[in-house]
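> Sharing protein-v1.pdb (PDB, N, CA and C atoms and all ligand atoms) below.
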ATOM      1  N   MET A 385     -14.787  13.844  -8.367  1.00  0.00           N
ATOM      2  CA  MET A 385     -14.026  15.056  -8.705  1.00  0.00           C
ATOM      3  C   MET A 385     -13.741  15.858  -7.439  1.00  0.00           C
ATOM      4  N   THR A 386     -12.523  16.342  -7.374  1.00  0.00           N
ATOM      5  CA  THR A 386     -12.109  17.163  -6.229  1.00  0.00           C
ATOM      6  C   THR A 386     -11.387  18.391  -6.757  1.00  0.00           C
ATOM      7  N   SER A 387     -11.244  19.375  -5.924  1.00  0.00           N
ATOM      8  CA  SER A 387     -10.504  20.546  -6.353  1.00  0.00           C
ATOM      9  C   SER A 387      -9.192  20.650  -5.586  1.00  0.00           C
ATOM     10  N   CYS A 388      -8.191  21.169  -6.272  1.00  0.00           N
ATOM     11  CA  CYS A 388      -6.879  21.359  -5.685  1.00  0.00           C
ATOM     12  C   CYS A 388      -6.926  22.511  -4.682  1.00  0.00           C
ATOM     13  N   ALA A 389      -6.353  22.293  -3.510  1.00  0.00           N
ATOM     14  CA  ALA A 389      -6.362  23.318  -2.465  1.00  0.00           C
ATOM     15  C   ALA A 389      -5.481  24.505  -2.821  1.00  0.00           C
ATOM     16  N   LYS A 390      -4.552  24.316  -3.741  1.00  0.00           N
ATOM     17  CA  LYS A 390      -3.610  25.385  -4.074  1.00  0.00           C
ATOM     18  C   LYS A 390      -4.066  26.210  -5.279  1.00  0.00           C
ATOM     19  N   CYS A 391      -4.373  25.549  -6.385  1.00  0.00           N
ATOM     20  CA  CYS A 391      -4.722  26.287  -7.604  1.00  0.00           C
ATOM     21  C   CYS A 391      -6.225  26.291  -7.877  1.00  0.00           C
ATOM     22  N   ASN A 392      -6.989  25.529  -7.085  1.00  0.00           N
ATOM     23  CA  ASN A 392      -8.456  25.458  -7.198  1.00  0.00           C
ATOM     24  C   ASN A 392      -8.965  24.826  -8.490  1.00  0.00           C
ATOM     25  N   HIS A 393      -8.080  24.213  -9.257  1.00  0.00           N
ATOM     26  CA  HIS A 393      -8.522  23.484 -10.438  1.00  0.00           C
ATOM     27  C   HIS A 393      -9.221  22.198 -10.009  1.00  0.00           C
ATOM     28  N   VAL A 394     -10.291  21.864 -10.706  1.00  0.00           N
ATOM     29  CA  VAL A 394     -11.009  20.627 -10.432  1.00  0.00           C
ATOM     30  C   VAL A 394     -10.343  19.496 -11.211  1.00  0.00           C
ATOM     31  N   VAL A 395      -9.942  18.469 -10.489  1.00  0.00           N
ATOM     32  CA  VAL A 395      -9.205  17.365 -11.096  1.00  0.00           C
ATOM     33  C   VAL A 395      -9.788  16.026 -10.651  1.00  0.00           C
ATOM     34  N   ASP A 396      -9.482  14.987 -11.409  1.00  0.00           N
ATOM     35  CA  ASP A 396      -9.963  13.637 -11.095  1.00  0.00           C
ATOM     36  C   ASP A 396      -9.275  13.056  -9.868  1.00  0.00           C
ATOM     37  N   LYS A 397      -8.008  13.375  -9.748  1.00  0.00           N
ATOM     38  CA  LYS A 397      -7.206  12.754  -8.694  1.00  0.00           C
ATOM     39  C   LYS A 397      -6.380  13.802  -7.971  1.00  0.00           C
ATOM     40  N   THR A 398      -6.369  13.721  -6.647  1.00  0.00           N
ATOM     41  CA  THR A 398      -5.549  14.641  -5.858  1.00  0.00           C
ATOM     42  C   THR A 398      -4.564  13.851  -5.015  1.00  0.00           C
ATOM     43  N   TYR A 399      -3.544  14.539  -4.569  1.00  0.00           N
ATOM     44  CA  TYR A 399      -2.467  13.912  -3.789  1.00  0.00           C
ATOM     45  C   TYR A 399      -2.259  14.714  -2.523  1.00  0.00           C
ATOM     46  N   ASP A 400      -1.901  14.009  -1.465  1.00  0.00           N
ATOM     47  CA  ASP A 400      -1.552  14.704  -0.219  1.00  0.00           C
ATOM     48  C   ASP A 400      -0.476  13.943   0.528  1.00  0.00           C
ATOM     49  N   CYS A 401       0.256  14.640   1.335  1.00  0.00           N
ATOM     50  CA  CYS A 401       1.270  14.053   2.206  1.00  0.00           C
ATOM     51  C   CYS A 401       1.510  15.048   3.336  1.00  0.00           C
ATOM     52  N   GLU A 402       2.478  14.780   4.167  1.00  0.00           N
ATOM     53  CA  GLU A 402       2.736  15.681   5.294  1.00  0.00           C
ATOM     54  C   GLU A 402       3.096  17.097   4.848  1.00  0.00           C
ATOM     55  N   HIS A 403       3.627  17.218   3.653  1.00  0.00           N
ATOM     56  CA  HIS A 403       4.052  18.537   3.153  1.00  0.00           C
ATOM     57  C   HIS A 403       2.886  19.414   2.695  1.00  0.00           C
ATOM     58  N   THR A 404       1.756  18.839   2.420  1.00  0.00           N
ATOM     59  CA  THR A 404       0.611  19.620   1.945  1.00  0.00           C
ATOM     60  C   THR A 404      -0.312  20.048   3.093  1.00  0.00           C
ATOM     61  N   ASP A 405       0.097  19.806   4.329  1.00  0.00           N
ATOM     62  CA  ASP A 405      -0.728  20.150   5.495  1.00  0.00           C
ATOM     63  C   ASP A 405      -2.118  19.525   5.416  1.00  0.00           C
ATOM     64  N   ASP A 406      -2.183  18.271   4.975  1.00  0.00           N
ATOM     65  CA  ASP A 406      -3.434  17.512   4.860  1.00  0.00           C
ATOM     66  C   ASP A 406      -4.414  18.104   3.851  1.00  0.00           C
ATOM     67  N   GLU A 407      -3.913  18.952   2.961  1.00  0.00           N
ATOM     68  CA  GLU A 407      -4.743  19.481   1.882  1.00  0.00           C
ATOM     69  C   GLU A 407      -4.516  18.617   0.653  1.00  0.00           C
ATOM     70  N   GLU A 408      -5.481  18.604  -0.252  1.00  0.00           N
ATOM     71  CA  GLU A 408      -5.365  17.812  -1.463  1.00  0.00           C
ATOM     72  C   GLU A 408      -4.914  18.684  -2.620  1.00  0.00           C
ATOM     73  N   TYR A 409      -3.834  18.272  -3.264  1.00  0.00           N
ATOM     74  CA  TYR A 409      -3.241  19.032  -4.365  1.00  0.00           C
ATOM     75  C   TYR A 409      -3.368  18.242  -5.659  1.00  0.00           C
ATOM     76  N   CYS A 410      -3.490  18.948  -6.764  1.00  0.00           N
ATOM     77  CA  CYS A 410      -3.437  18.290  -8.063  1.00  0.00           C
ATOM     78  C   CYS A 410      -1.993  17.841  -8.325  1.00  0.00           C
ATOM     79  N   VAL A 411      -1.824  17.024  -9.332  1.00  0.00           N
ATOM     80  CA  VAL A 411      -0.487  16.468  -9.583  1.00  0.00           C
ATOM     81  C   VAL A 411       0.538  17.559  -9.877  1.00  0.00           C
ATOM     82  N   GLU A 412       0.137  18.616 -10.573  1.00  0.00           N
ATOM     83  CA  GLU A 412       1.066  19.707 -10.892  1.00  0.00           C
ATOM     84  C   GLU A 412       1.544  20.417  -9.629  1.00  0.00           C
ATOM     85  N   CYS A 413       0.614  20.770  -8.765  1.00  0.00           N
ATOM     86  CA  CYS A 413       0.972  21.465  -7.531  1.00  0.00           C
ATOM     87  C   CYS A 413       1.749  20.547  -6.593  1.00  0.00           C
ATOM     88  N   TYR A 414       1.373  19.294  -6.557  1.00  0.00           N
ATOM     89  CA  TYR A 414       2.058  18.315  -5.709  1.00  0.00           C
ATOM     90  C   TYR A 414       3.507  18.124  -6.161  1.00  0.00           C
ATOM     91  N   THR A 415       3.694  18.013  -7.450  1.00  0.00           N
ATOM     92  CA  THR A 415       5.038  17.862  -8.020  1.00  0.00           C
ATOM     93  C   THR A 415       5.865  19.117  -7.779  1.00  0.00           C
ATOM     94  N   GLU A 416       5.231  20.270  -8.003  1.00  0.00           N
ATOM     95  CA  GLU A 416       5.917  21.547  -7.809  1.00  0.00           C
ATOM     96  C   GLU A 416       6.344  21.720  -6.353  1.00  0.00           C
ATOM     97  N   LEU A 417       5.474  21.368  -5.430  1.00  0.00           N
ATOM     98  CA  LEU A 417       5.777  21.453  -4.003  1.00  0.00           C
ATOM     99  C   LEU A 417       7.030  20.653  -3.676  1.00  0.00           C
ATOM    100  N   HIS A 418       7.091  19.420  -4.152  1.00  0.00           N
ATOM    101  CA  HIS A 418       8.241  18.564  -3.865  1.00  0.00           C
ATOM    102  C   HIS A 418       9.484  18.990  -4.628  1.00  0.00           C
ATOM    103  N   TYR A 419       9.282  19.615  -5.778  1.00  0.00           N
ATOM    104  CA  TYR A 419      10.421  20.171  -6.529  1.00  0.00           C
ATOM    105  C   TYR A 419      11.095  21.243  -5.692  1.00  0.00           C
ATOM    106  N   TYR A 420      10.317  22.139  -5.123  1.00  0.00           N
ATOM    107  CA  TYR A 420      10.879  23.208  -4.299  1.00  0.00           C
ATOM    108  C   TYR A 420      11.479  22.661  -3.009  1.00  0.00           C
ATOM    109  N   LEU A 421      10.864  21.661  -2.431  1.00  0.00           N
ATOM    110  CA  LEU A 421      11.406  21.038  -1.218  1.00  0.00           C
ATOM    111  C   LEU A 421      12.770  20.431  -1.501  1.00  0.00           C
ATOM    112  N   THR A 422      12.907  19.776  -2.642  1.00  0.00           N
ATOM    113  CA  THR A 422      14.171  19.158  -3.036  1.00  0.00           C
ATOM    114  C   THR A 422      15.227  20.224  -3.296  1.00  0.00           C
ATOM    115  N   GLU A 423      14.821  21.295  -3.979  1.00  0.00           N
ATOM    116  CA  GLU A 423      15.748  22.397  -4.254  1.00  0.00           C
ATOM    117  C   GLU A 423      16.254  23.018  -2.956  1.00  0.00           C
ATOM    118  N   LYS A 424      15.362  23.232  -2.014  1.00  0.00           N
ATOM    119  CA  LYS A 424      15.704  23.826  -0.731  1.00  0.00           C
ATOM    120  C   LYS A 424      16.694  22.938   0.023  1.00  0.00           C
ATOM    121  N   LYS A 425      16.424  21.635  -0.007  1.00  0.00           N
ATOM    122  CA  LYS A 425      17.282  20.673   0.679  1.00  0.00           C
ATOM    123  C   LYS A 425      18.699  20.714   0.089  1.00  0.00           C
ATOM    124  N   HIS A 426      18.772  20.775  -1.240  1.00  0.00           N
ATOM    125  CA  HIS A 426      20.079  20.858  -1.906  1.00  0.00           C
ATOM    126  C   HIS A 426      20.806  22.135  -1.509  1.00  0.00           C
ATOM    127  N   ALA A 427      20.053  23.235  -1.417  1.00  0.00           N
ATOM    128  CA  ALA A 427      20.656  24.526  -1.065  1.00  0.00           C
ATOM    129  C   ALA A 427      21.204  24.496   0.354  1.00  0.00           C
ATOM    130  N   ASP A 428      20.468  23.851   1.266  1.00  0.00           N
ATOM    131  CA  ASP A 428      20.915  23.753   2.656  1.00  0.00           C
ATOM    132  C   ASP A 428      22.182  22.917   2.795  1.00  0.00           C
ATOM    133  N   ASN A 429      22.319  21.941   1.939  1.00  0.00           N
ATOM    134  CA  ASN A 429      23.467  21.043   2.015  1.00  0.00           C
ATOM    135  C   ASN A 429      24.753  21.666   1.441  1.00  0.00           C
ATOM    136  N   SER A 430      24.575  22.663   0.608  1.00  0.00           N
ATOM    137  CA  SER A 430      25.757  23.227  -0.045  1.00  0.00           C
ATOM    138  C   SER A 430      26.436  24.294   0.810  1.00  0.00           C
TER     139      SER A 430
HETATM  140 ZN    ZN B   1      -3.189  22.503  -8.208  1.00  0.00          ZN
HETATM  141 ZN    ZN B   2       5.638  15.182   0.651  1.00  0.00          ZN
END
What is this structure when it is put down as structure tokens?
Ligand SMILES: [Zn+2]
Ligand SMILES: [Zn+2]

Amino acid sequence: MTSCAKCNHVVDKTYDCEHTDDEEYCVECYTELHYYLTEKKHADNS
């Protein structure tokens, strides 16, 4: 068991990538992070 660096919920599985600054995020926070990254990218392109 690990805890999410963002919401502090204890979860079975965490995810990390370059966007999380080497912190471990739960699936909800990880998905949300990439959702906002995608939205931002779309906004920059328009
Ligand atoms: Zn979380
Ligand atoms: Zn990422």
> Write out as an MDAnalysis selection string the residues lying within 6.5 Å of region 402-415 of chain A, counting all atoms listed in the file and excluding same-chain residues fewer than 2 positions away.
chainID A and resid 387:390 397:400 417:420
> At what distance in Å, to one decimal, does CA of Val395 (chain A) lie from atom C of Thr422 (chain A)?
25.8 Å
> Between CA of Asp396 (chain A) and atom C of Leu421 (chain A), measure the distance and give it in Å to one decimal.
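If I compute the distance from CA of Asp396 (chain A) to atom C of Leu421 (chain A), I get 25.6 Å.
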> Given the choices A:Asn392, A:Thr386, A:Ala427, A:Cys401, which gets closest to ligand ZN 1 (chain B) if the distance is worked out from only N, CA and C atoms and all ligand atoms?
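Nearest to ligand ZN 1 (chain B): A:Asn392.
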> Could you tell me how far atom N of Met385 (chain A) lies from atom C of Glu416 (chain A), in Å and to one decimal?
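Between atom N of Met385 (chain A) and atom C of Glu416 (chain A) the gap is 22.6 Å.
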> From the DSSP assignment of the backbone, select every residue of chain A that is strand (DSSP E or B), and format the answer as a PDB file with N, CA and C atoms, keeping the file's coordinate frame.

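This went into part19.pdb:
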ATOM      1  N   THR A 386     -12.523  16.342  -7.374  1.00  0.00           N
ATOM      2  CA  THR A 386     -12.109  17.163  -6.229  1.00  0.00           C
ATOM      3  C   THR A 386     -11.387  18.391  -6.757  1.00  0.00           C
ATOM      4  N   SER A 387     -11.244  19.375  -5.924  1.00  0.00           N
ATOM      5  CA  SER A 387     -10.504  20.546  -6.353  1.00  0.00           C
ATOM      6  C   SER A 387      -9.192  20.650  -5.586  1.00  0.00           C
ATOM      7  N   VAL A 394     -10.291  21.864 -10.706  1.00  0.00           N
ATOM      8  CA  VAL A 394     -11.009  20.627 -10.432  1.00  0.00           C
ATOM      9  C   VAL A 394     -10.343  19.496 -11.211  1.00  0.00           C
ATOM     10  N   VAL A 395      -9.942  18.469 -10.489  1.00  0.00           N
ATOM     11  CA  VAL A 395      -9.205  17.365 -11.096  1.00  0.00           C
ATOM     12  C   VAL A 395      -9.788  16.026 -10.651  1.00  0.00           C
ATOM     13  N   TYR A 399      -3.544  14.539  -4.569  1.00  0.00           N
ATOM     14  CA  TYR A 399      -2.467  13.912  -3.789  1.00  0.00           C
ATOM     15  C   TYR A 399      -2.259  14.714  -2.523  1.00  0.00           C
ATOM     16  N   TYR A 409      -3.834  18.272  -3.264  1.00  0.00           N
ATOM     17  CA  TYR A 409      -3.241  19.032  -4.365  1.00  0.00           C
ATOM     18  C   TYR A 409      -3.368  18.242  -5.659  1.00  0.00           C
TER      19      TYR A 409
END
> Considering only helix (DSSP H, G or I) as DSSP defines it on the backbone, what residues of chain A qualify? List them as a PyMOL selection string.
chain A and resi 402-404+411-429
